[in-house]
$ cat protein25.pdb   # PDB, C-alpha atoms
ATOM      1  CA  MET Y   1     -95.677 258.627  13.247
ATOM      2  CA  SER Y   2     -95.447 256.223  10.346
ATOM      3  CA  HIS Y   3     -95.842 253.402  12.850
ATOM      4  CA  ALA Y   4     -99.195 254.767  13.937
ATOM      5  CA  THR Y   5    -100.303 255.119  10.326
ATOM      6  CA  THR Y   6     -99.537 251.454   9.660
ATOM      7  CA  HIS Y   7    -101.743 250.485  12.568
ATOM      8  CA  ALA Y   8    -104.528 252.686  11.333
ATOM      9  CA  ILE Y   9    -104.465 250.916   7.971
ATOM     10  CA  GLU Y  10    -104.261 247.378   9.286
ATOM     11  CA  PRO Y  11    -106.052 246.463  12.501
ATOM     12  CA  ALA Y  12    -103.702 244.741  14.901
ATOM     13  CA  GLU Y  13    -106.200 242.063  15.834
ATOM     14  CA  SER Y  14    -108.101 239.670  13.662
ATOM     15  CA  PRO Y  15    -111.782 240.031  14.601
ATOM     16  CA  LEU Y  16    -112.405 236.270  14.506
ATOM     17  CA  THR Y  17    -109.130 235.028  15.958
ATOM     18  CA  PRO Y  18    -107.805 237.661  18.369
ATOM     19  CA  GLU Y  19    -104.677 235.558  18.961
ATOM     20  CA  SER Y  20    -103.285 235.969  15.449
ATOM     21  CA  TRP Y  21    -104.107 236.640  11.820
ATOM     22  CA  GLY Y  22    -102.221 233.470  10.986
ATOM     23  CA  LYS Y  23    -104.908 231.406  12.651
ATOM     24  CA  LEU Y  24    -107.633 233.008  10.554
ATOM     25  CA  GLY Y  25    -105.454 232.459   7.494
ATOM     26  CA  MET Y  26    -104.998 228.791   8.347
ATOM     27  CA  TRP Y  27    -108.747 228.321   8.796
ATOM     28  CA  VAL Y  28    -109.508 229.966   5.454
ATOM     29  CA  PHE Y  29    -106.849 227.789   3.796
ATOM     30  CA  LEU Y  30    -108.283 224.662   5.430
ATOM     31  CA  ALA Y  31    -111.806 225.572   4.308
ATOM     32  CA  GLY Y  32    -110.532 225.866   0.732
ATOM     33  CA  ASP Y  33    -108.581 222.639   1.031
ATOM     34  CA  ALA Y  34    -111.672 220.915   2.427
ATOM     35  CA  MET Y  35    -113.516 222.043  -0.704
ATOM     36  CA  THR Y  36    -110.886 220.297  -2.866
ATOM     37  CA  PHE Y  37    -111.282 217.076  -0.917
ATOM     38  CA  GLY Y  38    -115.051 217.497  -0.914
ATOM     39  CA  SER Y  39    -115.109 217.896  -4.706
ATOM     40  CA  LEU Y  40    -112.888 214.835  -5.133
ATOM     41  CA  LEU Y  41    -115.155 212.757  -2.884
ATOM     42  CA  ALA Y  42    -118.344 214.056  -4.529
ATOM     43  CA  GLY Y  43    -116.874 213.267  -7.947
ATOM     44  CA  TYR Y  44    -115.933 209.826  -6.674
ATOM     45  CA  GLY Y  45    -119.485 209.260  -5.437
ATOM     46  CA  ALA Y  46    -120.992 210.384  -8.741
ATOM     47  CA  LEU Y  47    -118.665 208.160 -10.798
ATOM     48  CA  ARG Y  48    -119.269 205.186  -8.533
ATOM     49  CA  ALA Y  49    -123.051 205.550  -8.506
ATOM     50  CA  GLY Y  50    -123.105 206.058 -12.261
ATOM     51  CA  SER Y  51    -120.904 203.087 -13.096
ATOM     52  CA  MET Y  52    -122.309 199.767 -14.255
ATOM     53  CA  GLU Y  53    -119.518 197.841 -12.564
ATOM     54  CA  TRP Y  54    -117.586 198.855  -9.508
ATOM     55  CA  PRO Y  55    -115.248 196.520  -7.648
ATOM     56  CA  ASP Y  56    -116.296 195.961  -4.033
ATOM     57  CA  PRO Y  57    -113.781 197.988  -2.001
ATOM     58  CA  THR Y  58    -114.252 195.880   1.129
ATOM     59  CA  THR Y  59    -113.002 192.772  -0.691
ATOM     60  CA  ILE Y  60    -110.233 194.399  -2.768
ATOM     61  CA  LEU Y  61    -108.764 196.843  -0.258
ATOM     62  CA  GLY Y  62    -107.316 195.767   3.062
ATOM     63  CA  ILE Y  63    -109.711 197.134   5.694
ATOM     64  CA  ASN Y  64    -107.694 195.924   8.695
ATOM     65  CA  LEU Y  65    -104.503 197.679   7.605
ATOM     66  CA  THR Y  66    -106.303 200.947   6.872
ATOM     67  CA  ALA Y  67    -108.239 200.675  10.140
ATOM     68  CA  PHE Y  68    -104.859 200.573  11.867
ATOM     69  CA  MET Y  69    -103.737 203.588   9.788
ATOM     70  CA  THR Y  70    -106.880 205.446  10.922
ATOM     71  CA  PHE Y  71    -106.087 204.598  14.527
ATOM     72  CA  LEU Y  72    -102.508 205.762  14.012
ATOM     73  CA  LEU Y  73    -103.655 209.171  12.759
ATOM     74  CA  ILE Y  74    -106.018 209.525  15.725
ATOM     75  CA  CYS Y  75    -103.085 208.732  18.064
ATOM     76  CA  SER Y  76    -100.920 211.311  16.286
ATOM     77  CA  SER Y  77    -103.698 213.882  16.740
ATOM     78  CA  VAL Y  78    -103.595 213.196  20.478
ATOM     79  CA  THR Y  79     -99.790 213.629  20.645
ATOM     80  CA  MET Y  80    -100.301 216.874  18.695
ATOM     81  CA  VAL Y  81    -102.700 218.356  21.267
ATOM     82  CA  LYS Y  82    -100.385 217.109  24.029
ATOM     83  CA  GLY Y  83     -97.506 218.964  22.362
ATOM     84  CA  LEU Y  84     -99.524 222.186  22.191
ATOM     85  CA  SER Y  85    -100.571 221.714  25.798
ATOM     86  CA  ALA Y  86     -96.901 221.209  26.806
ATOM     87  CA  ILE Y  87     -95.718 224.490  25.283
ATOM     88  CA  LYS Y  88     -98.689 226.321  26.832
ATOM     89  CA  HIS Y  89     -97.417 225.102  30.183
ATOM     90  CA  GLY Y  90     -93.915 226.363  29.303
ATOM     91  CA  ASP Y  91     -92.374 222.966  28.539
ATOM     92  CA  PRO Y  92     -90.465 223.200  25.207
ATOM     93  CA  LYS Y  93     -88.849 219.755  25.654
ATOM     94  CA  GLY Y  94     -92.205 218.109  26.163
ATOM     95  CA  MET Y  95     -93.503 219.945  23.097
ATOM     96  CA  ARG Y  96     -90.513 218.741  21.033
ATOM     97  CA  ASN Y  97     -91.018 215.120  22.099
ATOM     98  CA  TYR Y  98     -94.744 215.144  21.419
ATOM     99  CA  LEU Y  99     -94.304 216.850  18.026
ATOM    100  CA  LEU Y 100     -91.623 214.327  17.050
ATOM    101  CA  LEU Y 101     -94.010 211.513  18.045
ATOM    102  CA  THR Y 102     -96.694 213.152  15.901
ATOM    103  CA  ALA Y 103     -94.319 213.359  12.929
ATOM    104  CA  LEU Y 104     -93.320 209.721  13.526
ATOM    105  CA  GLY Y 105     -96.990 208.720  13.451
ATOM    106  CA  GLY Y 106     -97.363 210.515  10.127
ATOM    107  CA  ALA Y 107     -94.217 208.880   8.753
ATOM    108  CA  ILE Y 108     -95.447 205.389   9.733
ATOM    109  CA  PHE Y 109     -98.795 206.214   8.118
ATOM    110  CA  LEU Y 110     -96.977 207.104   4.886
ATOM    111  CA  GLY Y 111     -94.897 203.924   5.074
ATOM    112  CA  LEU Y 112     -98.043 201.834   5.447
ATOM    113  CA  GLN Y 113     -99.677 203.668   2.559
ATOM    114  CA  ALA Y 114     -96.608 202.974   0.386
ATOM    115  CA  TYR Y 115     -96.847 199.309   1.424
ATOM    116  CA  GLU Y 116    -100.564 199.250   0.598
ATOM    117  CA  TRP Y 117    -100.052 200.879  -2.829
ATOM    118  CA  THR Y 118     -97.191 198.489  -3.669
ATOM    119  CA  HIS Y 119     -99.448 195.602  -2.734
ATOM    120  CA  LEU Y 120    -102.286 196.942  -4.885
ATOM    121  CA  ILE Y 121    -100.072 197.677  -7.891
ATOM    122  CA  THR Y 122     -98.047 194.459  -7.928
ATOM    123  CA  GLY Y 123    -100.192 192.059  -5.873
ATOM    124  CA  GLU Y 124    -102.711 189.367  -6.724
ATOM    125  CA  HIS Y 125    -105.802 191.591  -7.043
ATOM    126  CA  LYS Y 126    -104.351 194.493  -8.973
ATOM    127  CA  VAL Y 127    -105.900 197.939  -8.754
ATOM    128  CA  LEU Y 128    -104.667 199.912 -11.740
ATOM    129  CA  PHE Y 129    -105.975 202.575 -14.115
ATOM    130  CA  THR Y 130    -107.048 199.851 -16.511
ATOM    131  CA  THR Y 131    -108.655 196.487 -15.789
ATOM    132  CA  THR Y 132    -107.045 193.239 -16.928
ATOM    133  CA  GLY Y 133    -109.443 193.381 -19.875
ATOM    134  CA  GLY Y 134    -107.867 196.684 -20.926
ATOM    135  CA  GLN Y 135    -110.857 198.841 -19.982
ATOM    136  CA  LYS Y 136    -110.503 202.065 -18.058
ATOM    137  CA  SER Y 137    -110.825 201.577 -14.309
ATOM    138  CA  LEU Y 138    -112.472 204.531 -12.591
ATOM    139  CA  PHE Y 139    -112.085 202.658  -9.328
ATOM    140  CA  GLY Y 140    -108.295 202.686  -9.644
ATOM    141  CA  ALA Y 141    -108.116 206.263 -10.930
ATOM    142  CA  THR Y 142    -110.289 207.722  -8.158
ATOM    143  CA  PHE Y 143    -108.660 205.562  -5.476
ATOM    144  CA  TYR Y 144    -105.115 206.708  -6.276
ATOM    145  CA  ALA Y 145    -106.152 210.325  -6.863
ATOM    146  CA  ILE Y 146    -107.877 210.673  -3.500
ATOM    147  CA  THR Y 147    -105.580 208.586  -1.268
ATOM    148  CA  GLY Y 148    -102.578 210.084  -3.091
ATOM    149  CA  PHE Y 149    -103.812 213.635  -2.549
ATOM    150  CA  HIS Y 150    -104.321 212.844   1.120
ATOM    151  CA  GLY Y 151    -100.895 211.188   1.347
ATOM    152  CA  ALA Y 152     -99.352 214.349  -0.126
ATOM    153  CA  HIS Y 153    -101.041 216.299   2.682
ATOM    154  CA  VAL Y 154     -99.589 213.929   5.280
ATOM    155  CA  THR Y 155     -96.131 214.331   3.685
ATOM    156  CA  GLY Y 156     -96.512 218.105   3.839
ATOM    157  CA  GLY Y 157     -97.690 217.813   7.437
ATOM    158  CA  VAL Y 158     -94.649 215.767   8.499
ATOM    159  CA  ILE Y 159     -92.323 218.361   6.907
ATOM    160  CA  TYR Y 160     -94.322 221.192   8.506
ATOM    161  CA  LEU Y 161     -94.071 219.470  11.928
ATOM    162  CA  LEU Y 162     -90.307 219.030  11.578
ATOM    163  CA  ILE Y 163     -89.931 222.720  10.674
ATOM    164  CA  VAL Y 164     -91.887 223.662  13.818
ATOM    165  CA  VAL Y 165     -89.669 221.313  15.871
ATOM    166  CA  MET Y 166     -86.570 223.045  14.434
ATOM    167  CA  ASN Y 167     -88.040 226.477  15.208
ATOM    168  CA  GLY Y 168     -88.759 225.231  18.715
ATOM    169  CA  ALA Y 169     -85.130 224.131  19.116
ATOM    170  CA  ARG Y 170     -84.143 227.751  18.368
ATOM    171  CA  GLY Y 171     -86.404 228.867  21.193
ATOM    172  CA  LYS Y 172     -89.141 230.362  19.042
ATOM    173  CA  TYR Y 173     -92.040 229.166  21.214
ATOM    174  CA  ALA Y 174     -92.850 229.774  24.856
ATOM    175  CA  ALA Y 175     -95.787 229.617  27.259
ATOM    176  CA  GLU Y 176     -97.132 232.957  25.992
ATOM    177  CA  ASN Y 177     -96.026 232.468  22.386
ATOM    178  CA  PHE Y 178     -97.343 229.211  20.943
ATOM    179  CA  ASN Y 179     -99.157 230.416  17.841
ATOM    180  CA  GLY Y 180     -96.921 228.514  15.397
ATOM    181  CA  VAL Y 181     -97.550 225.264  17.248
ATOM    182  CA  GLU Y 182    -101.292 225.869  17.263
ATOM    183  CA  LEU Y 183    -101.280 226.459  13.492
ATOM    184  CA  VAL Y 184     -99.418 223.233  12.675
ATOM    185  CA  GLY Y 185    -101.867 221.520  15.030
ATOM    186  CA  LEU Y 186    -104.857 222.839  13.079
ATOM    187  CA  TYR Y 187    -103.345 221.565   9.829
ATOM    188  CA  TRP Y 188    -102.525 218.171  11.317
ATOM    189  CA  HIS Y 189    -105.994 217.633  12.804
ATOM    190  CA  PHE Y 190    -107.506 218.627   9.474
ATOM    191  CA  VAL Y 191    -105.479 215.919   7.725
ATOM    192  CA  ASP Y 192    -106.760 213.465  10.349
ATOM    193  CA  LEU Y 193    -110.344 214.673   9.854
ATOM    194  CA  ILE Y 194    -110.112 214.223   6.090
ATOM    195  CA  TRP Y 195    -108.750 210.695   6.488
ATOM    196  CA  ILE Y 196    -111.758 209.811   8.673
ATOM    197  CA  LEU Y 197    -114.021 210.722   5.727
ATOM    198  CA  VAL Y 198    -111.776 209.145   3.061
ATOM    199  CA  PHE Y 199    -111.650 205.918   5.097
ATOM    200  CA  THR Y 200    -115.452 205.735   5.230
ATOM    201  CA  PHE Y 201    -116.192 206.649   1.626
ATOM    202  CA  ILE Y 202    -113.345 204.833  -0.148
ATOM    203  CA  TYR Y 203    -112.790 201.808   2.056
ATOM    204  CA  LEU Y 204    -115.860 201.014   4.141
ATOM    205  CA  ILE Y 205    -119.001 201.672   2.100
ATOM    206  CA  PRO Y 206    -119.754 198.419   0.255
ATOM    207  CA  ASN Y 207    -121.480 197.794  -3.049
ATOM    208  CA  PRO Y 208    -125.168 196.904  -3.218
ATOM    209  CA  SER Y 209    -125.334 193.119  -2.994
TER     210      SER Y 209
ATOM    211  CA  MET X   1    -107.137 229.059  22.489
ATOM    212  CA  SER X   2    -105.923 231.300  25.264
ATOM    213  CA  GLY X   3    -105.737 230.546  28.942
ATOM    214  CA  THR X   4    -109.226 231.885  29.601
ATOM    215  CA  HIS X   5    -110.914 228.525  29.017
ATOM    216  CA  GLN X   6    -109.781 225.191  30.304
ATOM    217  CA  GLU X   7    -108.446 222.421  28.105
ATOM    218  CA  PRO X   8    -110.924 219.809  26.985
ATOM    219  CA  ASN X   9    -110.360 216.268  28.206
ATOM    220  CA  TYR X  10    -108.267 215.122  25.242
ATOM    221  CA  MET X  11    -108.043 211.512  26.390
ATOM    222  CA  ALA X  12    -111.841 211.233  26.547
ATOM    223  CA  VAL X  13    -111.986 212.490  22.938
ATOM    224  CA  PHE X  14    -109.293 209.960  21.986
ATOM    225  CA  TYR X  15    -111.186 207.046  23.585
ATOM    226  CA  SER X  16    -114.410 208.146  21.875
ATOM    227  CA  LEU X  17    -112.648 208.276  18.495
ATOM    228  CA  ALA X  18    -111.076 204.836  19.063
ATOM    229  CA  VAL X  19    -114.418 203.293  20.074
ATOM    230  CA  LEU X  20    -116.207 204.918  17.109
ATOM    231  CA  THR X  21    -113.522 203.564  14.747
ATOM    232  CA  ALA X  22    -113.961 200.064  16.209
ATOM    233  CA  LEU X  23    -117.741 200.464  15.720
ATOM    234  CA  GLU X  24    -117.174 201.447  12.073
ATOM    235  CA  ILE X  25    -115.121 198.326  11.440
ATOM    236  CA  GLY X  26    -117.785 196.254  13.194
ATOM    237  CA  VAL X  27    -120.551 197.741  11.035
ATOM    238  CA  ALA X  28    -118.461 197.279   7.862
ATOM    239  CA  TYR X  29    -118.167 193.547   8.585
ATOM    240  CA  MET X  30    -121.934 193.107   9.134
ATOM    241  CA  ARG X  31    -122.569 192.146   5.533
ATOM    242  CA  PHE X  32    -126.139 191.098   6.271
ATOM    243  CA  LEU X  33    -127.212 194.725   6.830
ATOM    244  CA  PRO X  34    -129.077 196.429   3.970
ATOM    245  CA  LEU X  35    -126.792 198.816   2.055
ATOM    246  CA  LEU X  36    -128.836 201.892   2.940
ATOM    247  CA  ILE X  37    -128.689 201.230   6.685
ATOM    248  CA  MET X  38    -125.005 200.297   6.617
ATOM    249  CA  GLY X  39    -124.093 203.315   4.476
ATOM    250  CA  LEU X  40    -126.073 205.702   6.676
ATOM    251  CA  ALA X  41    -124.572 204.233   9.861
ATOM    252  CA  LEU X  42    -121.037 204.528   8.469
ATOM    253  CA  ILE X  43    -121.547 208.108   7.264
ATOM    254  CA  ILE X  44    -123.098 209.181  10.592
ATOM    255  CA  LEU X  45    -120.212 207.556  12.522
ATOM    256  CA  ALA X  46    -117.663 209.338  10.288
ATOM    257  CA  LEU X  47    -119.425 212.697  10.709
ATOM    258  CA  VAL X  48    -119.519 212.263  14.500
ATOM    259  CA  LYS X  49    -115.763 211.529  14.475
ATOM    260  CA  ALA X  50    -115.077 214.534  12.223
ATOM    261  CA  PHE X  51    -117.232 216.672  14.545
ATOM    262  CA  LEU X  52    -115.239 215.524  17.605
ATOM    263  CA  VAL X  53    -111.914 216.293  15.897
ATOM    264  CA  GLY X  54    -113.119 219.735  14.775
ATOM    265  CA  MET X  55    -114.763 220.738  18.052
ATOM    266  CA  TYR X  56    -112.150 219.516  20.526
ATOM    267  CA  PHE X  57    -108.804 218.935  18.771
ATOM    268  CA  MET X  58    -109.197 221.990  16.528
ATOM    269  CA  HIS X  59    -110.817 223.920  19.405
ATOM    270  CA  LEU X  60    -113.819 225.115  17.388
ATOM    271  CA  LYS X  61    -115.956 224.731  20.522
ATOM    272  CA  PHE X  62    -113.912 227.483  22.154
ATOM    273  CA  GLU X  63    -113.667 229.845  19.177
ATOM    274  CA  LYS X  64    -115.922 232.649  17.994
ATOM    275  CA  ARG X  65    -119.011 231.354  16.262
ATOM    276  CA  THR X  66    -118.182 233.072  12.954
ATOM    277  CA  LEU X  67    -115.002 230.984  12.697
ATOM    278  CA  GLY X  68    -117.223 227.921  12.953
ATOM    279  CA  ILE X  69    -119.218 229.250   9.988
ATOM    280  CA  ILE X  70    -115.971 229.428   7.967
ATOM    281  CA  ALA X  71    -115.306 225.824   8.963
ATOM    282  CA  LEU X  72    -118.842 224.771   7.982
ATOM    283  CA  THR X  73    -118.806 226.503   4.574
ATOM    284  CA  PRO X  74    -117.124 223.615   2.690
ATOM    285  CA  LEU X  75    -119.618 221.153   4.181
ATOM    286  CA  ILE X  76    -122.550 223.284   2.976
ATOM    287  CA  LEU X  77    -120.979 223.827  -0.465
ATOM    288  CA  CYS X  78    -120.221 220.108  -0.842
ATOM    289  CA  THR X  79    -123.814 219.246   0.075
ATOM    290  CA  LEU X  80    -124.969 221.621  -2.674
ATOM    291  CA  LEU X  81    -122.419 220.037  -5.033
ATOM    292  CA  ILE X  82    -123.803 216.565  -4.334
ATOM    293  CA  ILE X  83    -127.352 217.818  -4.941
ATOM    294  CA  ALA X  84    -126.140 219.350  -8.225
ATOM    295  CA  LEU X  85    -124.542 216.028  -9.181
ATOM    296  CA  LEU X  86    -127.641 213.952  -8.336
ATOM    297  CA  PRO X  87    -129.100 214.045 -11.883
ATOM    298  CA  ASP X  88    -125.839 212.505 -13.117
ATOM    299  CA  LEU X  89    -125.798 209.703 -10.575
ATOM    300  CA  THR X  90    -128.412 207.588 -12.322
ATOM    301  CA  GLY X  91    -128.312 209.205 -15.730
ATOM    302  CA  THR X  92    -125.228 207.651 -17.308
ATOM    303  CA  ASN X  93    -126.658 204.202 -17.914
ATOM    304  CA  ARG X  94    -130.105 205.271 -18.998
ATOM    305  CA  LYS X  95    -129.158 208.060 -21.358
ATOM    306  CA  SER X  96    -127.610 205.627 -23.824
ATOM    307  CA  ASP X  97    -130.904 203.689 -23.937
ATOM    308  CA  LYS X  98    -133.167 206.714 -24.193
ATOM    309  CA  ALA X  99    -131.129 208.890 -26.472
ATOM    310  CA  PRO X 100    -131.887 207.090 -29.763
ATOM    311  CA  VAL X 101    -135.634 207.067 -28.943
ATOM    312  CA  ALA X 102    -135.606 210.753 -28.144
ATOM    313  CA  GLN X 103    -133.724 211.440 -31.352
ATOM    314  CA  ALA X 104    -136.219 209.393 -33.357
ATOM    315  CA  GLN X 105    -139.183 211.240 -31.792
ATOM    316  CA  HIS X 106    -137.439 214.500 -32.478
ATOM    317  CA  ASP X 107    -136.907 213.512 -36.123
ATOM    318  CA  ALA X 108    -140.519 212.337 -36.453
ATOM    319  CA  ALA X 109    -141.822 215.632 -35.127
ATOM    320  CA  ARG X 110    -139.960 217.431 -37.839
TER     321      ARG X 110
END
$ encode --input "protein25.pdb" --output "structure tokens"
Amino acid sequence: MSHATTHAIEPAESPLTPESWGKLGMWVFLAGDAMTFGSLLAGYGALRAGSMEWPDPTTILGINLTAFMTFLLICSSVTMVKGLSAIKHGDPKGMRNYLLLTALGGAIFLGLQAYEWTHLITGEHKVLFTTTGGQKSLFGATFYAITGFHGAHVTGGVIYLLIVVMNGARGKYAAENFNGVELVGLYWHFVDLIWILVFTFIYLIPNPS
Amino acid sequence: MSGTHQEPNYMAVFYSLAVLTALEIGVAYMRFLPLLIMGLALIILALVKAFLVGMYFMHLKFEKRTLGIIALTPLILCTLLIIALLPDLTGTNRKSDKAPVAQAQHDAAR
């Protein structure tokens, strides 16, 4: 009796995502998260366009390294969809291997970002919050805020992936029960999608010559 | 995505993304291009890549349309945000020049 009442209060199926409410929840979260990134990038654009001097990113930042990082994230997105596809076909081992590869891709990405930051903080052409003349550097502040915020998302994604791998080892997912894998996939592709935009706006777009 | 629709060709999406990334790098190194053309080309390439990731890797192509509207909301809101920020984009440098004049005119009028 009480069971039936619960169902009457809360519909069993999400109208937009019949598979699960979690999927709708993830999409709403990602839309909100996209707004945070969008505001950061819009603020970056406004500060850059309104600044008298702005260092040319293409000469200060290493495009080749970050191009490789972009490629790495794209590869990890492919292993992610392969992992989801594996569990849909009832192959938990294949899913585990592909998800571990995805997490490895994310971990290498983070390692390269740490390398890049170290280089920028201690290297020849320093990118800091102040210029060598002691003036505030909006370039440095916005660069570290945005790439750092994205790096935090990748870190969270790697942890999230490892949790899903551990759940998978306990037999949580199967050919007809892959919702948790799909959700981590959505998050991971979102992080990839955001990096595509960050790469263009922070690294590639040059200054007017 | 349930079993009712077939899987997209993920490798084709991957190759497209790889080629588009290579194109981006190529465009970024063409320093002779005018800024407007280069910037537009880079932004269009990035949006096409983001579209591919959203439609195929995140399966938006196979979802209900209203879910796509949820996904598009931040893009629409950010476009509005950029429009709202436009007056500030060129204003910072000029305001400091104009402000004293405006103040003087204001004082004179009084």
$ interface_residues --input "protein25.pdb" --of "chain Y" --to "chain X" --cutoff "7 Å" --atoms "all atoms listed in the file" --output "PyMOL selection string"
chain Y and resi 16+28+31+34-35+38-39+42+46+49-50+71+78+81+186+189+193+196-197+200+204-205+208
$ atom_distance --input "protein25.pdb" --atom1 "atom CA of Y:Thr155" --atom2 "atom CA of Y:Thr66"
17.1 Å
$ atom_distance --input "protein25.pdb" --atom1 "atom CA of Y:Pro57" --atom2 "atom CA of Y:Ile202"
7.1 Å
$ resolve_selection --input "protein25.pdb" --expression "the PyMOL selection byres ((chain Y and resi 173-179) around 10)" --output "JSON, numbers by chain"
{"Y": [19, 20, 21, 22, 23, 84, 85, 86, 87, 88, 89, 90, 91, 92, 95, 164, 165, 167, 168, 169, 170, 171, 172, 180, 181, 182, 183, 184, 185], "X": [1, 2, 3]}
$ write_last_selection --input "protein25.pdb" --atoms "C-alpha atoms" --output "compact mmCIF listing (two decimals), in the frame of the given file"
# COMPACT_ATOMS: atom_id res chain seq x y z
CA GLU Y 19 -104.68 235.56 18.96
CA SER Y 20 -103.28 235.97 15.45
CA TRP Y 21 -104.11 236.64 11.82
CA GLY Y 22 -102.22 233.47 10.99
CA LYS Y 23 -104.91 231.41 12.65
CA LEU Y 84 -99.52 222.19 22.19
CA SER Y 85 -100.57 221.71 25.80
CA ALA Y 86 -96.90 221.21 26.81
CA ILE Y 87 -95.72 224.49 25.28
CA LYS Y 88 -98.69 226.32 26.83
CA HIS Y 89 -97.42 225.10 30.18
CA GLY Y 90 -93.92 226.36 29.30
CA ASP Y 91 -92.37 222.97 28.54
CA PRO Y 92 -90.46 223.20 25.21
CA MET Y 95 -93.50 219.94 23.10
CA VAL Y 164 -91.89 223.66 13.82
CA VAL Y 165 -89.67 221.31 15.87
CA ASN Y 167 -88.04 226.48 15.21
CA GLY Y 168 -88.76 225.23 18.72
CA ALA Y 169 -85.13 224.13 19.12
CA ARG Y 170 -84.14 227.75 18.37
CA GLY Y 171 -86.40 228.87 21.19
CA LYS Y 172 -89.14 230.36 19.04
CA GLY Y 180 -96.92 228.51 15.40
CA VAL Y 181 -97.55 225.26 17.25
CA GLU Y 182 -101.29 225.87 17.26
CA LEU Y 183 -101.28 226.46 13.49
CA VAL Y 184 -99.42 223.23 12.68
CA GLY Y 185 -101.87 221.52 15.03
CA MET X 1 -107.14 229.06 22.49
CA SER X 2 -105.92 231.30 25.26
CA GLY X 3 -105.74 230.55 28.94
$ residues_around --input "protein25.pdb" --residues "Y:Trp195" --least-positions-apart "2" --cutoff "9 Å" --atoms "only C-alpha atoms" --output "compact mmCIF listing (two decimals) with C-alpha atoms, keeping the file's coordinate frame"
# COMPACT_ATOMS: atom_id res chain seq x y z
CA THR Y 70 -106.88 205.45 10.92
CA LEU Y 73 -103.66 209.17 12.76
CA THR Y 147 -105.58 208.59 -1.27
CA HIS Y 150 -104.32 212.84 1.12
CA PHE Y 190 -107.51 218.63 9.47
CA VAL Y 191 -105.48 215.92 7.72
CA ASP Y 192 -106.76 213.46 10.35
CA LEU Y 193 -110.34 214.67 9.85
CA LEU Y 197 -114.02 210.72 5.73
CA VAL Y 198 -111.78 209.14 3.06
CA PHE Y 199 -111.65 205.92 5.10
CA THR Y 200 -115.45 205.74 5.23
$ axis_aligned_box --input "protein25.pdb" --around "stretch 52-68 of chain Y" --padding-each-side "3 Å" --output "JSON"
{"center_x": -113.4, "center_y": 196.9, "center_z": -1.2, "size_x": 23.8, "size_y": 14.2, "size_z": 32.1}
$ resolve_selection --input "protein25.pdb" --expression "the PyMOL selection byres ((chain Y and resi 69) around 10)" --output "short mmCIF file (atom, residue, chain, number, x, y, z; two decimals) with C-alpha atoms, in the frame of the given file"
data_model
loop_
_atom_site.label_atom_id
_atom_site.label_comp_id
_atom_site.auth_asym_id
_atom_site.auth_seq_id
_atom_site.Cartn_x
_atom_site.Cartn_y
_atom_site.Cartn_z
CA ILE Y 63 -109.71 197.13 5.69
CA ASN Y 64 -107.69 195.92 8.70
CA LEU Y 65 -104.50 197.68 7.60
CA THR Y 66 -106.30 200.95 6.87
CA ALA Y 67 -108.24 200.68 10.14
CA PHE Y 68 -104.86 200.57 11.87
CA THR Y 70 -106.88 205.45 10.92
CA PHE Y 71 -106.09 204.60 14.53
CA LEU Y 72 -102.51 205.76 14.01
CA LEU Y 73 -103.66 209.17 12.76
CA ILE Y 74 -106.02 209.52 15.72
CA CYS Y 75 -103.08 208.73 18.06
CA GLY Y 105 -96.99 208.72 13.45
CA GLY Y 106 -97.36 210.52 10.13
CA ILE Y 108 -95.45 205.39 9.73
CA PHE Y 109 -98.80 206.21 8.12
CA LEU Y 110 -96.98 207.10 4.89
CA LEU Y 112 -98.04 201.83 5.45
CA GLN Y 113 -99.68 203.67 2.56
CA TRP Y 195 -108.75 210.70 6.49
CA PHE Y 199 -111.65 205.92 5.10
#
$ atom_distance --input "protein25.pdb" --atom1 "atom CA of Y:Val154" --atom2 "atom CA of Y:Thr36"
15.3 Å
$ decode --input "protein25.pdb" --residues "stretch 71-95 of chain Y" --atoms "C-alpha atoms" --output "JSON list (two decimals), in the first residue's frame"
[["chain", "number", "residue", "atom", "x", "y", "z"],
["Y", 71, "PHE", "CA", 44.51, 14.73, -28.83],
["Y", 72, "LEU", "CA", 44.97, 12.70, -25.65],
["Y", 73, "LEU", "CA", 41.58, 13.79, -24.30],
["Y", 74, "ILE", "CA", 39.92, 12.93, -27.62],
["Y", 75, "CYS", "CA", 41.54, 9.45, -27.44],
["Y", 76, "SER", "CA", 40.31, 9.03, -23.86],
["Y", 77, "SER", "CA", 36.79, 9.97, -25.01],
["Y", 78, "VAL", "CA", 36.98, 7.16, -27.57],
["Y", 79, "THR", "CA", 38.11, 4.60, -24.96],
["Y", 80, "MET", "CA", 35.22, 5.85, -22.80],
["Y", 81, "VAL", "CA", 32.57, 5.12, -25.46],
["Y", 82, "LYS", "CA", 34.29, 1.78, -26.14],
["Y", 83, "GLY", "CA", 33.99, 0.95, -22.43],
["Y", 84, "LEU", "CA", 30.28, 1.78, -22.42],
["Y", 85, "SER", "CA", 29.82, -0.24, -25.58],
["Y", 86, "ALA", "CA", 31.64, -3.21, -23.96],
["Y", 87, "ILE", "CA", 29.35, -3.34, -20.92],
["Y", 88, "LYS", "CA", 26.29, -2.99, -23.18],
["Y", 89, "HIS", "CA", 27.48, -6.14, -24.92],
["Y", 90, "GLY", "CA", 27.87, -7.85, -21.52],
["Y", 91, "ASP", "CA", 31.67, -7.65, -21.33],
["Y", 92, "PRO", "CA", 32.66, -6.32, -17.86],
["Y", 93, "LYS", "CA", 36.37, -7.08, -18.40],
["Y", 94, "GLY", "CA", 36.44, -5.10, -21.61],
["Y", 95, "MET", "CA", 34.64, -2.26, -19.83]]
